[in-house]
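Beneath this line is the structure, given in structure tokens, with notes to follow.
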Amino acid sequence: SPDKDFAQCVCKDHIVQLDRRSGRVVDEKAVVSRFGIQPKSVPDWLALVGDAADGIPGIPGWGPRSATVVLRAFGHIENVPLDASQWGLALRNKEQLAESLRTHRDQALLFKTLATLREDAPLPQREIEELQWMGTDLAEFNTFCQRWGFERIGRRARELFASPPPSDSSPDDAS
């Protein structure tokens, strides 16, 4: 996925992100190149800067550059001193940034929580074959779509299910 959120999962040599659209493999070096911070700081960066795709507005005054500089130095929002004179960073608007963070610290921590992918979700012990998706009950899906106002998606699903599945064989294979 090209989703920025998944960059937080990348670590050293054994976990990478695959952007299936571009076919690009995103390793730790690529995350640092893109964001200027380590993967573990991505939720903090998204909390400060915002992520429109996930409805996270960010903190007023914070942009990609300021978030990168501050998080490169402190790693996480919780480690950022509330007094800008303790930052030791060359940011011309650090007093305003510190004030914004003091004022909106609770929101920043909430946004960080929302941007953090959970690793502790309980998973039932099952065989891998049991986890394979077997489709959906179209009537149940249609009811869901109507209830929540997703008529267009429901209509598209009905059209897709009404179409014959694509054939794996070419006309020349018929015997």
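Chain lettering (A, B, ...) mirrors the order of the structure tokens, residue numbering begins at 1 for each chain separately, and ligand numbering begins at 1 in order of display.
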Apply DSSP to the backbone of this structure and, from region 1-98 of chain A, keep only the residues in alpha helix (DSSP H); write these as JSON, numbers by chain. {"A": [28, 29, 30, 31, 32, 33, 34, 35, 42, 43, 44, 45, 46, 47, 48, 49, 64, 65, 66, 67, 68, 69, 70, 71, 72, 73, 74, 94, 95, 96, 97, 98]}
Resulting file, chosen residues, C-alpha atoms, as a short mmCIF file (atom, residue, chain, number, x, y, z; two decimals), in the first residue's frame:
```cif
data_model
loop_
_atom_site.label_atom_id
_atom_site.label_comp_id
_atom_site.auth_asym_id
_atom_site.auth_seq_id
_atom_site.Cartn_x
_atom_site.Cartn_y
_atom_site.Cartn_z
CA GLU A 28 13.81 2.09 6.37
CA LYS A 29 16.14 4.19 4.21
CA ALA A 30 13.23 5.16 1.92
CA VAL A 31 11.05 6.15 4.90
CA VAL A 32 13.84 8.37 6.25
CA SER A 33 14.32 9.82 2.76
CA ARG A 34 10.59 10.60 2.42
CA PHE A 35 9.81 11.91 5.92
CA VAL A 42 5.65 8.43 11.65
CA PRO A 43 2.52 8.49 13.90
CA ASP A 44 3.94 11.56 15.68
CA TRP A 45 4.65 13.23 12.33
CA LEU A 46 1.10 12.51 11.09
CA ALA A 47 -0.33 13.84 14.37
CA LEU A 48 1.53 17.14 14.03
CA VAL A 49 1.18 17.64 10.28
CA PRO A 64 6.16 18.83 7.31
CA ARG A 65 9.46 20.71 7.73
CA SER A 66 8.94 21.77 11.36
CA ALA A 67 7.62 18.33 12.35
CA THR A 68 10.60 16.65 10.68
CA VAL A 69 13.17 18.89 12.40
CA VAL A 70 11.59 18.54 15.84
CA LEU A 71 10.94 14.79 15.61
CA ARG A 72 14.42 14.12 14.23
CA ALA A 73 15.71 15.67 17.47
CA PHE A 74 13.18 14.27 19.96
CA LYS A 94 9.96 27.65 17.36
CA GLU A 95 8.25 29.84 20.00
CA GLN A 96 4.96 29.70 18.04
CA LEU A 97 5.37 25.95 17.49
CA ALA A 98 5.99 25.36 21.20
#
```
Any idea what the distance is between CA of Ile128 (chain A) and CA of Phe6 (chain A)?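 So the two atoms, CA of Ile128 (chain A) and CA of Phe6 (chain A), lie 22.7 Å apart.
As for CA of Ile77 (chain A) and CA of Leu101 (chain A), they are spaced 8.9 Å apart.
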Env of Leu18 (chain A): 12 Å cut, atoms = only C-alpha atoms, seq-sep filter 2 positions within chain, self excluded. Answer as a count of residues only. 20
Residues of region 4-162 of chain A in strand (DSSP E or B), written as number ranges by chain: A: 11, 15, 17-19, 24-26, 51, 56
Skipping near chain neighbours, those fewer than 3 positions away, what residues fall within 10 Å of Leu138 (chain A) using only C-alpha atoms, listed as a list in words?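 Residues meeting the cut-off are Gly135, Phe141, Asn142, Thr143, Phe144, Gly154, Ala157, Arg158 and Phe161 of chain A.
In this structure, CA of Arg105 (chain A) sits 11.2 Å away from CA of Pro81 (chain A).
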Minimum-distance residue to Gly55 (chain A), chosen among A:Arg126, A:Arg147, A:Leu114, A:Ala84 (using only C-alpha atoms):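 Comparing A:Arg126, A:Arg147, A:Leu114, A:Ala84 against Gly55 (chain A), the winner is A:Leu114.
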